[in-house]
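Student: Following this message is one structure expressed as structure tokens.
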Amino acid sequence: MFCDPFGHTNPENLVINGANEIGMNNYILFHDQEPIHLNIHKDLFDVVARNTVDLENSYMDTGPQKRAIVTSEFNSEFVDHVCMKYSWKSYYFFFHGWAALDWYRGYDKTFLIKPVAKRKITKTFIAPNRIVAGERQHRLEILYHIFKNNMINNHISCPATCPAENISIHDAVKPLIGKYPDIESVFAQQTLPINFEGETNHPMHSCWLSLFDECAESLLYLVTETVATGRRHHITEKTFKPIAMGMPFVIVGTKGSLEYLRSYGFRTFEGIWDESYDYSEDEDRIKHIASLLRSIDELPPAGKQDLFDMAQEVIEHNWNHFYNGGFETVLWNELQQMLYQIQKDFR
């Protein structure tokens with residue numbers, strides 16, 4: 001079972017890939033595109049559970065039934081919860097790694113990405129933001145710190161209305177007032193929307209690279225990941241954009257995101273700047289990231305250029321690991337191990 005089209009997880013999007021002419025047993029839900037949000041996906045999971053019971057009742061002679069869910073989040077308390085609730089066994093593979101390799105293939109053969117050694121750094125970071133409400137409020141938090149600390153002389157985008165939730169930013173920030181009492185006034189001082197040059201309405205850019213000129217001027221890419229709280233590792237194609245563009249990065253994600261990325265053979269930037277934010281608890285991580293950004297933003301242009309030059313060895317390693325087969329080999333071994341384990345468990 002899986003959801004179609006890509007990224008849609010409503011119950012009506014559920015597809016059951018079976019056959020009526022044979023007895024069916026052993027059911028696997030592929031929920032590998034989106035992170036699990038218990039408040040959003042309960043209806044979908046309930047429908048899956050009802051469908052498996054109906055199918056099992058139709059084929060009582062097929063023996064004991066086995067049920068499983070395949071996800072793209074590792075060491076996840078949310079996966080643990082649904083497996084306990086629905087009696088599912090869980091399997092994992094890095095879906096978004098495969099997606100990034102597919103979507104960003106070939107860019108290393110083009111003239112679009114400016115050679116690292118020829119870049120003149122004039123900005124601290126680039127920070128694209130599109131969906132900022134609902135489960136993505138951590139993006140409003142980091143924007144709050146950017147605006148409050150006057151780091152707006154960077155490449156930033158921010159909608160006036162969240163395109164997914166259809167809620168104005170001024171309403172979307174209200175649940176954060178308890179944490180940031182002045183957040184309404186900070187956002188009220190900004191003229192929204194903020195668009196990149198040549199863009200309107202904050203187009204979806206997930207499946208391709210873009211903003212080449214802005215990236216070439218920026219020391220680092222501020223990745224605001226899909227999820228940033230809770231015990232789980234869930235990195236998406238967003239993190240691979242700077243890697244595929246030949247850039248350093250800071251990740252606004254869950255605790256241990258950098259460590260998780262390193263486990264796939266990539267390197268990060270400890271020793272060039274402070275990456276201790278990766279070990280901060282949820283309530284403090286964004287504040288630590290904002291402090292890091294502010295300290296870099298206060299550097300003169302020559303200081304930012306020096307940091308970029310120091311990062312070139314790591315940039316080159318990550319570029320080669322992504323484009324020249326190293327990452328794919330790691331993913332392929334992982335995927336094979338998952339499939340072999342499913343085959344073994346479902347005999």
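A note on labels: chains of the structure tokens are A, B, ... as shown, every chain counts residues from 1, and ligands are counted from 1 in their shown order.
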Could you tell me, as a ChimeraX atom specification, which residues of stretch 66-279 of chain A DSSP assigns to alpha helix (DSSP H) when given the backbone?
Tutor: /A:77-86,95-103,137-148,169-172,183-188,212-217,237-245,257-262
Student: What lies within 8 Å of stretch 129-131 of chain A using only C-alpha atoms, ignoring chain neighbours under 2 positions off, as a list of chain:residue names?
Tutor: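 The contact residues come out as A:Ala127, A:Ala133, A:Arg136, A:Arg139, A:Ile156, A:Ser157, A:Cys158, A:Pro159, A:Cys162, A:Pro163, A:Ala164, A:Glu165, A:His202, A:Pro203, A:Met204, A:Thr224.
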Student: How many Å lie between atom CA of A:Leu29 and atom CA of A:Asp80, rounded to one decimal?
Tutor: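 Separation of atom CA of A:Leu29 and atom CA of A:Asp80: 14.8 Å.
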Student: Measuring between only C-alpha atoms, which one of A:Val47, A:Val132, A:Ala188, A:Ile315 shows the shortest distance to A:Ile167?
Tutor: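 With only C-alpha atoms as the atom set, the closest residue is A:Val132.
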Student: Closest to A:Leu192 among A:Ala160, A:Ile272, A:Leu14, A:Ala216, using only C-alpha atoms?
Tutor: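 Looking at the shortest contact to A:Leu192, the residue is A:Ala160.
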Student: Could you give me, as a ChimeraX atom specification, the residues within 8 Å of A:Glu328, counting only C-alpha atoms and dropping anything in the same chain fewer than 5 positions from it?
Tutor: /A:98,101,322
Student: Produce a file of the selected residues containing N, CA and C atoms, as an mmCIF file, in the first residue's frame.
Tutor:
data_model
loop_
_atom_site.group_PDB
_atom_site.id
_atom_site.type_symbol
_atom_site.label_atom_id
_atom_site.label_comp_id
_atom_site.auth_asym_id
_atom_site.auth_seq_id
_atom_site.Cartn_x
_atom_site.Cartn_y
_atom_site.Cartn_z
ATOM 1 N N TRP A 98 17.704 8.931 -2.225
ATOM 2 C CA TRP A 98 17.456 8.491 -3.604
ATOM 3 C C TRP A 98 16.786 9.596 -4.411
ATOM 4 N N LEU A 101 19.375 12.221 -5.405
ATOM 5 C CA LEU A 101 20.253 11.749 -6.472
ATOM 6 C C LEU A 101 19.546 11.777 -7.820
ATOM 7 N N PHE A 322 28.495 12.877 -3.404
ATOM 8 C CA PHE A 322 27.132 12.935 -3.950
ATOM 9 C C PHE A 322 27.108 12.576 -5.429
#
Student: Could you please determine the separation between atom CA of A:Phe212 and atom CA of A:Ile113 in Å, to one decimal place?
Tutor: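 Answer for the atom CA of A:Phe212 to atom CA of A:Ile113 separation: 6.2 Å.
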Student: Any idea what's packed within 10 Å of A:Leu38, counting only C-alpha atoms, ignoring anything in its chain fewer than 4 positions away? Could you give it as a count of residues only?
Tutor: 7
Student: Which polymer residues have any atom within 12 Å of an atom of A:His8, counting only C-alpha atoms, with same-chain residues fewer than 4 positions away left out, as a compact mmCIF listing (two decimals) with C-alpha atoms, in the first residue's frame?
Tutor:
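Dumped to selection18.txt:
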# COMPACT_ATOMS: atom_id res chain seq x y z
CA PHE A 2 1.20 3.52 -0.78
CA CYS A 3 -0.12 7.02 -1.35
CA ASP A 4 -0.41 8.63 -4.75
CA GLU A 12 -8.37 8.95 -0.43
CA ASN A 13 -4.80 8.88 -1.78
CA LEU A 14 -4.23 5.32 -0.53
CA VAL A 15 -3.47 2.77 -3.25
CA HIS A 31 5.02 5.77 4.08
CA ASP A 32 8.46 6.78 2.89
CA GLN A 33 7.81 10.22 1.36
CA GLU A 34 6.56 12.24 4.33
CA PRO A 35 7.41 12.26 8.04
CA ILE A 40 -2.33 14.44 10.48
CA HIS A 41 -1.92 10.79 9.52
CA LEU A 44 -4.78 7.31 6.89
Student: Nearest to A:Tyr104 among A:Ser168, A:Ser90, A:Ser206, A:Gln337, with distances taken over only C-alpha atoms: which residue is it?
Tutor: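 Answer, going by the shortest atom-to-atom distance: A:Ser206.
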Student: Using only C-alpha atoms, determine which residues lie at most 8 Å from A:Arg67, disregarding the query and same-chain residues fewer than 4 positions distant; provide the list as an MDAnalysis selection string.
Tutor: chainID A and resid 26:28 87:89
Student: Do a neighbour search on A:Thr236 at 9 Å with only C-alpha atoms, toss out local chain neighbours closer than 4 positions, and write the hits as a list in words.
Tutor: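 Near neighbours after the sequence-gap exclusion: Phe94, Phe95, His96, Gly97, Ala99, Ala100, Glu225, Thr226 and Phe240 of chain A.
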Student: Identify which of the residues A:Ala244, A:Ala302, A:Leu176, A:Val250 lies closest to A:His321, counting only C-alpha atoms when measuring atom-to-atom distances.
Tutor: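 Using only C-alpha atoms, the shortest distance to A:His321 belongs to A:Ala244.
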Student: DSSP on the backbone: what in stretch 188-307 of chain A comes out strand (DSSP E or B), as number ranges by chain?
Tutor: A: 194, 218-224, 233, 249-252, 270, 273
Student: Write the residues of the preceding selection, restricted to N, CA and C atoms, as an mmCIF file, in the first residue's frame.
Tutor:
data_model
loop_
_atom_site.group_PDB
_atom_site.id
_atom_site.type_symbol
_atom_site.label_atom_id
_atom_site.label_comp_id
_atom_site.auth_asym_id
_atom_site.auth_seq_id
_atom_site.Cartn_x
_atom_site.Cartn_y
_atom_site.Cartn_z
ATOM 1 N N ILE A 194 8.445 38.554 0.912
ATOM 2 C CA ILE A 194 9.824 38.775 0.472
ATOM 3 C C ILE A 194 10.132 37.699 -0.564
ATOM 4 N N SER A 218 26.649 33.443 -1.478
ATOM 5 C CA SER A 218 26.360 33.170 -0.071
ATOM 6 C C SER A 218 27.381 32.219 0.529
ATOM 7 N N LEU A 219 27.822 32.532 1.740
ATOM 8 C CA LEU A 219 28.742 31.667 2.452
ATOM 9 C C LEU A 219 28.112 30.308 2.713
ATOM 10 N N LEU A 220 26.849 30.278 3.150
ATOM 11 C CA LEU A 220 26.221 29.016 3.522
ATOM 12 C C LEU A 220 24.746 29.013 3.155
ATOM 13 N N TYR A 221 24.211 27.821 3.088
ATOM 14 C CA TYR A 221 22.797 27.591 2.819
ATOM 15 C C TYR A 221 22.134 27.248 4.151
ATOM 16 N N LEU A 222 21.151 28.049 4.554
ATOM 17 C CA LEU A 222 20.403 27.775 5.780
ATOM 18 C C LEU A 222 19.257 26.838 5.429
ATOM 19 N N VAL A 223 19.425 25.572 5.745
ATOM 20 C CA VAL A 223 18.436 24.543 5.420
ATOM 21 C C VAL A 223 17.408 24.480 6.537
ATOM 22 N N THR A 224 16.173 24.825 6.232
ATOM 23 C CA THR A 224 15.095 24.647 7.207
ATOM 24 C C THR A 224 14.349 23.371 6.829
ATOM 25 N N HIS A 233 15.292 11.061 13.053
ATOM 26 C CA HIS A 233 16.132 11.612 11.997
ATOM 27 C C HIS A 233 15.332 11.558 10.708
ATOM 28 N N PHE A 249 26.636 24.465 4.807
ATOM 29 C CA PHE A 249 25.238 24.515 5.235
ATOM 30 C C PHE A 249 25.142 24.492 6.751
ATOM 31 N N VAL A 250 24.039 25.034 7.216
ATOM 32 C CA VAL A 250 23.581 24.894 8.601
ATOM 33 C C VAL A 250 22.173 24.328 8.520
ATOM 34 N N ILE A 251 21.879 23.314 9.331
ATOM 35 C CA ILE A 251 20.595 22.620 9.241
ATOM 36 C C ILE A 251 19.721 22.945 10.442
ATOM 37 N N VAL A 252 18.555 23.520 10.170
ATOM 38 C CA VAL A 252 17.512 23.655 11.186
ATOM 39 C C VAL A 252 16.674 22.384 11.098
ATOM 40 N N GLU A 270 32.363 21.430 11.459
ATOM 41 C CA GLU A 270 32.969 21.618 12.765
ATOM 42 C C GLU A 270 34.458 21.932 12.589
ATOM 43 N N TRP A 273 33.158 26.473 11.938
ATOM 44 C CA TRP A 273 32.303 27.194 12.865
ATOM 45 C C TRP A 273 31.700 26.205 13.857
#
